[in-house]
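Below: model.tsv (TSV, C-alpha atoms and all ligand atoms)
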```tsv
chain	number	residue	atom	x	y	z
A	8	MET	CA	83.78	-19.66	-1.44
A	9	GLU	CA	83.39	-20.77	2.15
A	10	ILE	CA	80.60	-22.07	4.32
A	11	GLY	CA	81.00	-22.09	8.09
A	12	ILE	CA	79.30	-24.89	10.02
A	13	LEU	CA	77.61	-23.65	13.17
A	14	GLY	CA	75.60	-25.51	15.75
A	15	LEU	CA	75.15	-25.93	19.47
A	16	PRO	CA	77.68	-28.25	21.18
A	17	LEU	CA	77.38	-31.90	20.13
A	18	SER	CA	74.87	-31.22	17.38
A	19	GLY	CA	76.93	-33.13	14.81
A	20	LYS	CA	79.03	-30.36	13.22
A	21	SER	CA	82.22	-32.38	12.95
A	22	THR	CA	80.36	-35.48	11.82
A	23	LEU	CA	78.73	-33.54	8.97
A	24	PHE	CA	82.04	-31.87	8.12
A	25	GLU	CA	83.66	-35.29	7.82
A	26	ILE	CA	80.84	-36.63	5.63
A	27	MET	CA	81.18	-33.73	3.22
A	28	THR	CA	84.94	-33.28	3.11
A	29	GLY	CA	86.34	-36.65	4.18
A	30	ILE	CA	88.39	-34.96	6.91
A	31	LYS	CA	88.06	-36.37	10.41
A	32	SER	CA	87.78	-33.92	13.25
A	33	SER	CA	90.26	-36.09	15.16
A	34	GLU	CA	92.76	-34.64	12.69
A	35	MET	CA	92.12	-31.22	14.21
A	36	HIS	CA	94.96	-31.81	16.68
A	37	GLY	CA	93.53	-29.36	19.15
A	38	GLU	CA	92.96	-26.68	16.49
A	39	THR	CA	89.82	-24.63	16.94
A	40	CYS	CA	89.13	-24.41	13.23
A	41	ILE	CA	89.59	-26.71	10.26
A	42	ARG	CA	88.87	-26.22	6.55
A	43	GLY	CA	88.03	-28.90	4.02
A	44	LEU	CA	87.01	-28.99	0.38
A	45	ALA	CA	83.95	-30.70	-1.07
A	46	ALA	CA	83.30	-31.18	-4.78
A	47	VAL	CA	79.92	-29.76	-5.80
A	48	PRO	CA	77.89	-32.57	-7.41
A	49	ASP	CA	76.77	-31.61	-10.92
A	50	GLU	CA	75.37	-34.14	-13.38
A	51	ARG	CA	76.26	-31.89	-16.30
A	52	PHE	CA	79.87	-31.89	-15.24
A	53	ASP	CA	79.87	-35.69	-14.91
A	54	GLU	CA	78.45	-36.01	-18.44
A	55	LEU	CA	81.16	-33.73	-19.86
A	56	VAL	CA	83.82	-35.83	-18.17
A	57	LYS	CA	82.33	-38.96	-19.75
A	58	ILE	CA	82.39	-37.31	-23.19
A	59	PHE	CA	85.88	-35.79	-23.11
A	60	GLN	CA	87.63	-38.41	-20.95
A	61	PRO	CA	90.11	-35.73	-19.85
A	62	VAL	CA	93.46	-36.28	-18.15
A	63	LYS	CA	92.42	-33.90	-15.38
A	64	VAL	CA	89.01	-33.52	-13.80
A	65	SER	CA	88.31	-30.31	-11.85
A	66	PRO	CA	84.77	-30.00	-10.47
A	67	ALA	CA	83.50	-26.89	-8.69
A	68	GLN	CA	84.55	-26.93	-5.06
A	69	ILE	CA	83.31	-25.38	-1.90
A	70	THR	CA	85.19	-24.97	1.38
A	71	PHE	CA	83.51	-25.98	4.61
A	72	ILE	CA	84.83	-24.78	7.97
A	73	ASP	CA	84.34	-26.72	11.19
A	74	VAL	CA	84.95	-24.86	14.43
A	75	THR	CA	85.11	-25.80	18.07
A	76	ALA	CA	83.98	-23.24	20.58
A	77	GLN	CA	86.54	-23.07	23.35
A	78	GLY	CA	87.26	-21.00	26.41
A	79	LYS	CA	85.60	-17.96	27.91
A	80	ASN	CA	85.35	-15.84	24.77
A	81	SER	CA	84.22	-18.76	22.66
A	82	TRP	CA	81.82	-16.75	20.48
A	83	GLU	CA	84.48	-14.22	19.64
A	84	SER	CA	86.98	-16.92	18.64
A	85	VAL	CA	84.36	-18.66	16.52
A	86	ARG	CA	83.40	-15.35	14.90
A	87	GLN	CA	87.03	-14.67	14.03
A	88	ASN	CA	87.52	-18.13	12.60
A	89	LEU	CA	84.40	-17.77	10.50
A	90	SER	CA	84.89	-14.15	9.45
A	91	SER	CA	85.73	-15.23	5.89
A	92	ALA	CA	82.68	-17.50	5.56
A	93	ASP	CA	80.28	-16.37	2.82
A	94	GLY	CA	77.42	-18.41	4.26
A	95	LEU	CA	76.45	-20.43	7.32
A	96	LEU	CA	75.25	-23.97	7.68
A	97	HIS	CA	73.32	-24.22	10.94
A	98	ILE	CA	73.10	-27.82	12.09
A	99	VAL	CA	70.45	-28.68	14.66
A	100	ASN	CA	70.35	-31.76	16.87
A	101	GLY	CA	67.25	-33.69	15.90
A	102	PHE	CA	68.64	-37.10	16.85
A	103	SER	CA	68.65	-37.08	20.64
A	104	VAL	CA	65.42	-35.17	21.19
A	105	ASP	CA	61.96	-36.62	21.70
A	106	ALA	CA	59.75	-33.99	20.14
A	107	VAL	CA	60.06	-31.52	17.33
A	108	GLN	CA	59.49	-28.68	19.83
A	109	GLU	CA	62.84	-29.51	21.46
A	110	CYS	CA	64.51	-29.45	18.10
A	111	ALA	CA	62.88	-26.10	17.31
A	112	ALA	CA	63.98	-24.77	20.70
A	113	SER	CA	67.63	-25.61	20.07
A	114	TYR	CA	67.41	-24.03	16.64
A	115	ARG	CA	65.98	-20.83	18.15
A	116	LYS	CA	68.51	-20.87	20.97
A	117	LEU	CA	71.43	-20.55	18.58
A	118	GLU	CA	69.60	-18.12	16.29
A	119	ASP	CA	68.89	-15.91	19.32
A	120	GLU	CA	72.51	-16.11	20.40
A	121	LEU	CA	73.63	-15.02	16.95
A	122	ILE	CA	71.16	-12.13	16.95
A	123	LEU	CA	72.31	-11.07	20.40
A	124	SER	CA	75.94	-11.32	19.42
A	125	ASP	CA	75.34	-9.04	16.40
A	126	LEU	CA	73.37	-6.66	18.58
A	127	MET	CA	76.24	-6.34	21.04
A	128	ILE	CA	78.64	-5.44	18.25
A	129	ILE	CA	76.27	-2.75	17.01
A	130	GLU	CA	75.74	-1.30	20.48
A	131	LYS	CA	79.48	-1.11	21.05
A	132	ARG	CA	80.07	0.57	17.71
A	133	LEU	CA	77.19	3.04	18.15
A	134	GLU	CA	78.44	3.97	21.58
A	135	LYS	CA	81.83	4.75	20.12
A	136	LEU	CA	80.43	6.69	17.18
A	137	LEU	CA	78.12	8.77	19.34
A	138	LYS	CA	80.99	9.71	21.63
A	139	MET	CA	83.04	11.03	18.73
A	140	PRO	CA	83.55	14.82	18.77
A	141	LYS	CA	81.40	16.48	16.13
A	142	ASN	CA	84.36	18.03	14.33
A	143	ILE	CA	86.01	14.70	13.51
A	144	ILE	CA	82.90	12.75	12.59
A	145	LYS	CA	82.87	11.97	8.85
A	146	PRO	CA	79.85	11.75	6.52
A	147	GLN	CA	80.34	7.98	6.23
A	148	ASP	CA	80.16	7.73	10.03
A	149	ILE	CA	76.82	9.52	9.97
A	150	ALA	CA	75.60	7.13	7.25
A	151	GLN	CA	76.81	4.23	9.38
A	152	ILE	CA	75.00	5.49	12.47
A	153	ASP	CA	71.83	5.53	10.42
A	154	ILE	CA	72.22	1.98	9.11
A	155	LEU	CA	73.30	0.64	12.51
A	156	ASN	CA	70.29	2.21	14.21
A	157	ARG	CA	67.99	0.51	11.72
A	158	ALA	CA	69.86	-2.76	12.16
A	159	LYS	CA	69.64	-2.46	15.94
A	160	ILE	CA	65.86	-2.09	15.92
A	161	HIS	CA	65.56	-5.00	13.51
A	162	LEU	CA	67.69	-7.27	15.72
A	163	GLU	CA	65.90	-6.15	18.89
A	164	GLU	CA	62.68	-7.35	17.28
A	165	GLY	CA	64.32	-10.76	16.94
A	166	ASN	CA	65.01	-10.62	13.21
A	167	PRO	CA	68.22	-11.59	11.42
A	168	LEU	CA	70.00	-8.89	9.42
A	169	ARG	CA	69.72	-10.90	6.20
A	170	ASN	CA	66.09	-9.90	5.88
A	171	LEU	CA	66.60	-6.22	6.61
A	172	SER	CA	66.33	-4.47	3.27
A	173	LEU	CA	69.82	-3.14	2.66
A	174	THR	CA	71.45	-2.21	-0.64
A	175	ASP	CA	74.52	-4.13	-1.81
A	176	GLU	CA	76.55	-1.01	-1.04
A	177	GLN	CA	75.25	-0.85	2.51
A	178	ILE	CA	75.97	-4.55	3.04
A	179	PHE	CA	79.47	-4.00	1.71
A	180	SER	CA	79.99	-1.07	4.10
A	181	LEU	CA	79.17	-3.39	7.02
A	182	ARG	CA	81.50	-6.21	6.01
A	183	SER	CA	84.20	-5.47	8.60
A	184	PHE	CA	81.75	-6.31	11.42
A	185	SER	CA	81.44	-9.95	10.24
A	186	PHE	CA	77.82	-10.04	11.39
A	187	TRP	CA	76.47	-13.54	11.81
A	188	THR	CA	72.94	-12.94	10.76
A	189	ILE	CA	73.65	-10.93	7.61
A	190	ARG	CA	75.02	-14.02	5.86
A	191	PRO	CA	72.85	-16.47	3.95
A	192	GLU	CA	72.02	-19.56	5.97
A	193	LEU	CA	71.08	-23.15	5.35
A	194	ILE	CA	69.46	-25.12	8.17
A	195	CYS	CA	70.35	-28.75	8.42
A	196	ILE	CA	68.43	-30.99	10.84
A	197	ASN	CA	70.47	-33.96	12.02
A	198	LEU	CA	67.77	-36.61	12.28
A	199	ARG	CA	67.35	-40.03	13.81
A	200	GLU	CA	67.16	-42.76	11.17
A	201	ASP	CA	63.64	-43.77	12.17
A	202	ARG	CA	62.34	-40.20	12.23
A	203	MET	CA	63.38	-38.68	8.94
A	204	SER	CA	60.01	-36.95	8.55
A	205	MET	CA	60.77	-34.72	11.53
A	206	VAL	CA	62.28	-32.21	9.12
A	207	ASP	CA	58.76	-31.48	7.79
A	208	ALA	CA	57.45	-31.09	11.32
A	209	PHE	CA	60.34	-28.72	12.02
A	210	ILE	CA	59.49	-26.59	8.98
A	211	ALA	CA	55.84	-26.51	10.04
A	212	GLU	CA	56.81	-25.57	13.59
A	213	CYS	CA	59.44	-22.89	12.85
A	214	ALA	CA	58.50	-21.73	9.33
A	215	PRO	CA	62.11	-20.68	8.72
A	216	ASP	CA	62.61	-18.28	5.84
A	217	VAL	CA	65.86	-19.95	4.82
A	218	PRO	CA	66.25	-23.35	3.10
A	219	THR	CA	66.05	-26.35	5.41
A	220	VAL	CA	67.22	-29.93	4.80
A	221	GLY	CA	67.29	-33.12	6.82
A	222	ILE	CA	70.10	-35.64	7.12
A	223	CYS	CA	70.87	-38.61	9.31
A	224	CYS	CA	74.54	-38.01	9.95
A	225	LEU	CA	74.95	-41.33	11.71
A	226	ILE	CA	73.97	-43.33	8.61
A	227	GLU	CA	75.75	-41.09	6.15
A	228	ALA	CA	78.95	-41.17	8.18
A	229	GLU	CA	78.94	-44.94	7.70
A	230	LEU	CA	78.67	-44.49	3.94
A	231	THR	CA	81.96	-42.64	3.70
A	232	ASP	CA	83.97	-45.80	4.37
A	233	LEU	CA	82.06	-48.00	1.88
A	234	SER	CA	82.78	-48.79	-1.76
A	235	PRO	CA	80.20	-47.42	-4.25
A	236	GLU	CA	78.59	-50.89	-4.60
A	237	ASP	CA	78.38	-51.49	-0.86
A	238	ARG	CA	77.05	-47.97	-0.46
A	239	LYS	CA	74.14	-48.67	-2.82
A	240	GLU	CA	73.31	-51.90	-1.01
A	241	TYR	CA	73.48	-50.19	2.37
A	242	LEU	CA	71.18	-47.38	1.24
A	243	VAL	CA	68.63	-49.88	-0.07
A	244	SER	CA	68.78	-51.79	3.22
A	245	MET	CA	68.15	-48.53	5.12
A	246	ASP	CA	65.30	-47.63	2.76
A	247	ILE	CA	67.02	-44.40	1.68
A	248	GLU	CA	66.69	-43.33	-1.95
A	249	GLU	CA	69.77	-41.14	-2.09
A	250	PRO	CA	72.16	-39.77	0.51
A	251	ALA	CA	71.48	-36.23	1.69
A	252	PHE	CA	75.02	-34.92	1.82
A	253	PRO	CA	75.41	-34.22	-1.95
A	254	LYS	CA	72.17	-32.26	-1.71
A	255	ILE	CA	73.53	-30.28	1.23
A	256	ILE	CA	76.70	-29.44	-0.70
A	257	ARG	CA	74.61	-28.40	-3.71
A	258	GLN	CA	72.30	-26.28	-1.56
A	259	SER	CA	75.26	-24.65	0.20
A	260	PHE	CA	76.55	-23.72	-3.24
A	261	ALA	CA	73.16	-22.38	-4.32
A	262	LEU	CA	73.07	-20.26	-1.17
A	263	LEU	CA	76.01	-18.19	-2.34
A	264	ASN	CA	74.42	-17.04	-5.59
A	265	ARG	CA	77.21	-18.40	-7.76
A	266	VAL	CA	77.02	-20.07	-11.16
A	267	SER	CA	79.44	-22.39	-12.91
A	268	PHE	CA	80.65	-22.38	-16.46
A	269	PHE	CA	82.70	-25.13	-18.02
A	270	THR	CA	85.89	-25.33	-20.03
A	271	VAL	CA	86.29	-28.63	-21.82
A	272	GLY	CA	88.99	-30.57	-23.64
A	273	GLU	CA	90.99	-33.77	-23.58
A	274	ASP	CA	93.49	-32.26	-21.17
A	275	GLU	CA	90.98	-30.99	-18.61
A	276	VAL	CA	87.29	-30.57	-17.95
A	277	LYS	CA	86.82	-27.86	-15.37
A	278	ALA	CA	83.91	-26.10	-13.68
A	279	TRP	CA	84.68	-22.46	-12.87
A	280	VAL	CA	82.70	-20.72	-10.18
A	281	ILE	CA	81.74	-17.06	-10.58
A	282	PRO	CA	79.13	-14.77	-9.00
A	283	ALA	CA	75.80	-14.78	-10.85
A	284	GLN	CA	75.46	-11.87	-13.34
A	285	THR	CA	79.20	-11.80	-14.15
A	286	LYS	CA	80.11	-10.43	-17.57
A	287	ALA	CA	82.29	-12.47	-19.92
A	288	PRO	CA	85.63	-10.61	-19.46
A	289	ARG	CA	85.40	-10.86	-15.67
A	290	ALA	CA	84.48	-14.55	-15.96
A	291	ALA	CA	87.59	-15.00	-18.11
A	292	ALA	CA	89.65	-13.54	-15.27
A	293	ALA	CA	88.68	-16.56	-13.16
A	294	ILE	CA	90.92	-18.55	-15.50
A	295	HIS	CA	93.68	-15.98	-15.88
A	296	LYS	CA	93.97	-12.23	-15.36
A	297	ASP	CA	95.45	-11.92	-18.89
A	298	PHE	CA	92.25	-13.39	-20.33
A	299	GLU	CA	90.35	-10.41	-18.99
A	300	ARG	CA	92.91	-7.83	-20.11
A	301	GLY	CA	93.15	-9.21	-23.64
A	302	PHE	CA	89.54	-10.34	-23.94
A	303	ILE	CA	88.28	-10.43	-27.54
A	304	LYS	CA	85.27	-12.75	-27.62
A	305	ALA	CA	83.80	-15.73	-25.81
A	306	GLU	CA	82.74	-18.76	-27.82
A	307	VAL	CA	79.72	-19.97	-25.90
A	308	CYS	CA	77.50	-23.02	-26.14
A	309	ALA	CA	74.81	-23.75	-23.55
A	310	TYR	CA	75.24	-27.20	-22.00
A	311	GLU	CA	71.79	-28.32	-23.18
A	312	ASP	CA	72.53	-27.25	-26.76
A	313	PHE	CA	75.86	-29.05	-26.69
A	314	MET	CA	74.15	-32.26	-25.55
A	315	ALA	CA	71.38	-31.91	-28.13
A	316	CYS	CA	73.81	-31.34	-31.00
A	317	GLY	CA	75.68	-34.64	-30.98
A	318	LYS	CA	77.79	-33.80	-27.92
A	319	THR	CA	80.53	-32.23	-30.04
A	320	THR	CA	81.64	-28.66	-30.60
A	321	ALA	CA	81.48	-29.24	-34.38
A	322	GLY	CA	77.86	-30.44	-34.05
A	323	ALA	CA	76.93	-27.37	-32.01
A	324	LYS	CA	78.66	-25.12	-34.52
A	325	SER	CA	76.91	-26.57	-37.58
A	326	ALA	CA	73.56	-26.27	-35.77
A	327	GLY	CA	74.30	-22.59	-35.13
A	328	LYS	CA	74.41	-23.11	-31.37
A	329	LEU	CA	77.98	-21.94	-30.89
A	330	ARG	CA	77.67	-18.22	-30.24
A	331	LEU	CA	80.35	-15.54	-30.32
A	332	GLU	CA	79.67	-13.23	-27.40
A	333	GLY	CA	81.26	-9.88	-26.57
A	334	LYS	CA	82.19	-7.87	-23.49
A	335	GLU	CA	78.65	-7.26	-22.30
A	336	TYR	CA	77.58	-10.90	-22.32
A	337	ILE	CA	76.44	-12.16	-18.93
A	338	VAL	CA	77.70	-15.69	-18.40
A	339	LYS	CA	74.93	-18.19	-17.67
A	340	ASP	CA	75.04	-21.23	-15.45
A	341	GLY	CA	76.10	-24.23	-17.55
A	342	ASP	CA	77.74	-22.31	-20.40
A	343	ILE	CA	80.58	-24.15	-22.11
A	344	ILE	CA	83.08	-21.44	-23.01
A	345	THR	CA	86.30	-20.96	-24.96
A	346	PHE	CA	87.75	-17.49	-24.56
A	347	ARG	CA	89.49	-15.70	-27.41
A	348	PHE	CA	92.03	-13.22	-26.18
A	349	ASN	CA	95.08	-11.34	-27.22
A	350	VAL	CA	97.86	-10.33	-24.83
B	401	LIG	N1	72.77	-40.99	17.39
B	401	LIG	C1	73.40	-40.08	16.68
B	401	LIG	N2	74.54	-39.56	17.16
B	401	LIG	C2	75.16	-38.63	16.45
B	401	LIG	C3	74.67	-38.17	15.21
B	401	LIG	N3	75.51	-37.21	14.75
B	401	LIG	C4	76.48	-37.08	15.67
B	401	LIG	N4	76.30	-37.93	16.69
B	401	LIG	C5	77.14	-38.12	17.85
B	401	LIG	O1	77.13	-36.96	18.63
B	401	LIG	C6	78.42	-36.70	19.13
B	401	LIG	C7	78.86	-35.33	18.70
B	401	LIG	O2	79.04	-35.30	17.32
B	401	LIG	P1	80.04	-34.26	16.69
B	401	LIG	O3	79.91	-34.38	15.24
B	401	LIG	O4	81.39	-34.35	17.27
B	401	LIG	O5	79.35	-32.92	17.19
B	401	LIG	P2	79.92	-31.46	17.22
B	401	LIG	O6	78.78	-30.55	17.00
B	401	LIG	O7	81.08	-31.35	16.29
B	401	LIG	O8	80.44	-31.33	18.71
B	401	LIG	P3	81.37	-30.18	19.34
B	401	LIG	O9	82.35	-29.79	18.29
B	401	LIG	O10	82.00	-30.85	20.51
B	401	LIG	O11	80.43	-29.11	19.73
B	401	LIG	C8	79.33	-37.80	18.62
B	401	LIG	O12	79.47	-38.76	19.61
B	401	LIG	C9	78.57	-38.34	17.42
B	401	LIG	O13	78.86	-39.69	17.20
B	401	LIG	C10	73.45	-38.76	14.72
B	401	LIG	O14	72.95	-38.43	13.64
B	401	LIG	N5	72.87	-39.70	15.51
B	402	MG	MG	83.08	-30.68	16.61
```
Exercise: express the given structure as structure tokens:
Amino acid sequence: MEIGILGLPLSGKSTLFEIMTGIKSSEMHGETCIRGLAAVPDERFDELVKIFQPVKVSPAQITFIDVTAQGKNSWESVRQNLSSADGLLHIVNGFSVDAVQECAASYRKLEDELILSDLMIIEKRLEKLLKMPKNIIKPQDIAQIDILNRAKIHLEEGNPLRNLSLTDEQIFSLRSFSFWTIRPELICINLREDRMSMVDAFIAECAPDVPTVGICCLIEAELTDLSPEDRKEYLVSMDIEEPAFPKIIRQSFALLNRVSFFTVGEDEVKAWVIPAQTKAPRAAAAIHKDFERGFIKAEVCAYEDFMACGKTTAGAKSAGKLRLEGKEYIVKDGDIITFRFNV
């Protein structure tokens, strides 16, 4: 599960990457691309850790990728480095601009570049397909020509591919192109500390149809070096209720349409990440392939029920809240699960 950070030069990509993952871009050692993990904040998970006091704590994690555009074919190298990213975090410089219009202009500049870049790929591919001799052209090529023509018109009208109505199958058939604008996106405005409300002005100005959050990277970068107590004091002194970066990690996670279920015990409390709408046996495979092969039942208790029934499995069981679910059960966000299997 990966999110690529994109932004115009000097918009604060590496600063945000460091805030979320703790990895300094100075550690890039000239690399054009660096990956780092961030734990996804989840109060339910923290509560379960408090209850079970496990030896090992394994929260859900998300990988962020920071890239540096270099050289003549910079877009192509960035595209390659981000080809595995499931979603994009577009950071916009809102700290060294005077008016929201400037901020909106830099947002649109990159969005337009991404649209243009996708358009060029499509034009190249269509040119190739249309030159193919009729006798070797396959039915899937004809289907592709059709989708690409629709996509081309959509992009030419200035729209990202993510809001072109395509079926999951069609999206899957386009995956090798690594289109920028087909991926879900989160906009992050890097604000000046005395102008935090500019994010609302930005939303009013651009009316983006993807989620948008504000952060002051400068302040939050300072937090990373502080102890939890000093952090609280610093936030109070800056008149900030809570830092924005946990929210950005959470929103990045939400972007990817994943849910987490928990396994609990004294040895480990772990959050497992699966696509939404996953059935129980496939969810079990996240833990071990054998769990899917030998799946018998899933013992499931919703987190809320567990908390309401004395915070113990026995309590949930005697209240009838521990359910035995079969192969067709769709795992819900926050389920606490023990799999029964036989291999
Ligand atoms: N005042 C202010 N400066 C910032 C903020 N965020 C980043 N900067 C500064 O802007 C410069 C660029 O920040 P980076 O995080 O390296 O930006 P970047 O997008 O990774 O830059 P490139 O990778 O070179 O394109 C650095 O000198 C940062 O200290 C901010 O919120 N406020
Ligand atoms: Mg950078």
**Message:** As a quick test: using all atoms listed in the file, which residues lie no more than 6 Å away from ligand MG 402 (chain B)? Give them as a PyMOL selection string.
**Reply:** chain A and resi 20-21+75
**Complete:** Of A:Ser65, A:Thr70, A:Gln147, A:Asn197, the one nearest to ligand LIG 401 (chain B) when counting only C-alpha atoms and all ligand atoms is A:Asn197
Report as a Markdown table the residues of chain A within 10 Å of ligand LIG 401 (chain B), each with its shortest atom pair and distance in Å (one decimal), using all atoms listed in the file, ordered by chain and increasing residue number.
```
| residue | atom | partner | partner_atom | distance |
| --- | --- | --- | --- | --- |
| A:Ile12 | CA | B:LIG401 | O6 | 9.0 |
| A:Leu13 | CA | B:LIG401 | O6 | 8.0 |
| A:Gly14 | CA | B:LIG401 | O6 | 6.1 |
| A:Leu15 | CA | B:LIG401 | O11 | 6.2 |
| A:Pro16 | CA | B:LIG401 | O11 | 3.2 |
| A:Leu17 | CA | B:LIG401 | O8 | 3.4 |
| A:Ser18 | CA | B:LIG401 | O6 | 4.0 |
| A:Gly19 | CA | B:LIG401 | O3 | 3.3 |
| A:Lys20 | CA | B:LIG401 | O6 | 3.8 |
| A:Ser21 | CA | B:LIG401 | O7 | 3.7 |
| A:Thr22 | CA | B:LIG401 | O3 | 3.6 |
| A:Leu23 | CA | B:LIG401 | O3 | 6.4 |
| A:Phe24 | CA | B:LIG401 | O3 | 7.8 |
| A:Glu25 | CA | B:LIG401 | O3 | 8.4 |
| A:Ile26 | CA | B:LIG401 | O3 | 9.9 |
| A:Lys31 | CA | B:LIG401 | O3 | 9.7 |
| A:Ser32 | CA | B:LIG401 | O4 | 7.6 |
| A:Ser33 | CA | B:LIG401 | O4 | 9.3 |
| A:Thr39 | CA | B:LIG401 | O9 | 9.2 |
| A:Asp73 | CA | B:LIG401 | O7 | 7.6 |
| A:Val74 | CA | B:LIG401 | O9 | 6.8 |
| A:Thr75 | CA | B:LIG401 | O9 | 4.9 |
| A:Ala76 | CA | B:LIG401 | O11 | 6.9 |
| A:Gln77 | CA | B:LIG401 | O11 | 9.3 |
| A:Ile98 | CA | B:LIG401 | O6 | 8.0 |
| A:Val99 | CA | B:LIG401 | O6 | 8.9 |
| A:Asn100 | CA | B:LIG401 | N3 | 7.8 |
| A:Gly101 | CA | B:LIG401 | O14 | 7.8 |
| A:Phe102 | CA | B:LIG401 | N5 | 5.1 |
| A:Ser103 | CA | B:LIG401 | N1 | 6.5 |
| A:Ile196 | CA | B:LIG401 | O14 | 9.1 |
| A:Asn197 | CA | B:LIG401 | O14 | 5.4 |
| A:Leu198 | CA | B:LIG401 | O14 | 5.7 |
| A:Arg199 | CA | B:LIG401 | N5 | 5.8 |
| A:Glu200 | CA | B:LIG401 | O14 | 7.6 |
| A:Ile222 | CA | B:LIG401 | O14 | 7.6 |
| A:Cys223 | CA | B:LIG401 | O14 | 4.8 |
| A:Cys224 | CA | B:LIG401 | O14 | 4.0 |
| A:Leu225 | CA | B:LIG401 | O14 | 4.0 |
| A:Ile226 | CA | B:LIG401 | O14 | 7.1 |
| A:Glu227 | CA | B:LIG401 | O14 | 8.4 |
| A:Ala228 | CA | B:LIG401 | N3 | 8.4 |
```
**Fill in**
What separates CA of Asn264 in chain A and CA of Met8 in chain A is a distance of 10.6 Å
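If all atoms listed in the file are the atoms counted, then among A:Val217, A:Leu233, A:Ala293, A:Val271 the closest residue to His97 in chain A is A:Val217.
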**Request:** Check the smallest atom-to-atom distance from each of A:Leu181, A:Ala45, A:Val276, A:Val220 to Ala251 in chain A using all atoms listed in the file, then report the winner.
**Result:** A:Val220
**Message:** With distances taken over all atoms listed in the file, which residue among A:Gly272, A:Ser185, A:His161, A:Ile154 lies nearest Leu173 in chain A?
**Reply:** A:Ile154
**Message:** To one decimal place in Å, what is the distance between CA of Asp216 in chain A and CA of Ala112 in chain A?
**Reply:** 16.3 Å
**Asked** Separation of CA of Glu275 in chain A and CA of Phe252 in chain A, in Å?
**Response** 26.2 Å
**Request:** For Thr345 in chain A, list every protein, DNA or RNA residue within 7 Å, evaluated using only C-alpha atoms, and leave out those in the same chain fewer than 6 positions away; present the list as a ChimeraX atom specification.
**Result:** /A:270,305-307
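Excluding Leu230 in chain A itself and same-chain residues fewer than 6 positions from it, the residues having an atom within 9 Å of it are Ile26, Asp237, Arg238, Tyr241, Leu242 and Pro250 of chain A, counting only C-alpha atoms.
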**Request:** Using all atoms listed in the file, determine which residues lie at most 7 Å from Glu299 in chain A, disregarding the query and same-chain residues fewer than 4 positions distant; provide the list as a ChimeraX atom specification.
**Result:** /A:288-289,291-292
**Message:** Residues proximal to (72.4, -19.3, 6.0) were defined as those with any atom within 8 Å of that point in the file's coordinates, counting only C-alpha atoms. Which are they, as number ranges by chain?
**Reply:** A: 94-97, 188, 190-194, 217-218, 262
**Message:** Considering only C-alpha atoms, can you say which of A:Arg86, A:Lys141, A:Arg202, A:Lys254 comes closest to Ala106 in chain A?
**Reply:**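 Under the stated criterion, the closest residue is A:Arg202.
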With the input short on atoms, add N, CA and C atoms back to range 217-228 of chain A and write it as an mmCIF file, in the frame of the given file.
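Wrote selection04.cif, looks like this:
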```cif
data_model
loop_
_atom_site.group_PDB
_atom_site.id
_atom_site.type_symbol
_atom_site.label_atom_id
_atom_site.label_comp_id
_atom_site.auth_asym_id
_atom_site.auth_seq_id
_atom_site.Cartn_x
_atom_site.Cartn_y
_atom_site.Cartn_z
ATOM 1 N N VAL A 217 64.652 -19.529 5.539
ATOM 2 C CA VAL A 217 65.860 -19.950 4.820
ATOM 3 C C VAL A 217 65.693 -21.430 4.486
ATOM 4 N N PRO A 218 66.425 -21.939 3.468
ATOM 5 C CA PRO A 218 66.250 -23.350 3.100
ATOM 6 C C PRO A 218 66.604 -24.296 4.252
ATOM 7 N N THR A 219 65.865 -25.389 4.317
ATOM 8 C CA THR A 219 66.050 -26.350 5.410
ATOM 9 C C THR A 219 66.110 -27.770 4.836
ATOM 10 N N VAL A 220 67.114 -28.534 5.263
ATOM 11 C CA VAL A 220 67.220 -29.930 4.800
ATOM 12 C C VAL A 220 67.434 -30.859 5.986
ATOM 13 N N GLY A 221 67.092 -32.122 5.781
ATOM 14 C CA GLY A 221 67.290 -33.120 6.820
ATOM 15 C C GLY A 221 68.376 -34.090 6.413
ATOM 16 N N ILE A 222 69.089 -34.616 7.406
ATOM 17 C CA ILE A 222 70.100 -35.640 7.120
ATOM 18 C C ILE A 222 70.224 -36.513 8.363
ATOM 19 N N CYS A 223 70.529 -37.773 8.154
ATOM 20 C CA CYS A 223 70.870 -38.610 9.310
ATOM 21 C C CYS A 223 72.375 -38.804 9.243
ATOM 22 N N CYS A 224 73.077 -37.997 10.018
ATOM 23 C CA CYS A 224 74.540 -38.010 9.950
ATOM 24 C C CYS A 224 75.108 -39.381 10.314
ATOM 25 N N LEU A 225 74.433 -40.041 11.244
ATOM 26 C CA LEU A 225 74.950 -41.330 11.710
ATOM 27 C C LEU A 225 75.047 -42.324 10.543
ATOM 28 N N ILE A 226 73.984 -42.411 9.750
ATOM 29 C CA ILE A 226 73.970 -43.330 8.610
ATOM 30 C C ILE A 226 74.950 -42.858 7.541
ATOM 31 N N GLU A 227 74.922 -41.570 7.254
ATOM 32 C CA GLU A 227 75.750 -41.090 6.150
ATOM 33 C C GLU A 227 77.234 -41.130 6.487
ATOM 34 N N ALA A 228 77.546 -41.055 7.788
ATOM 35 C CA ALA A 228 78.950 -41.170 8.180
ATOM 36 C C ALA A 228 79.443 -42.588 7.870
#
```
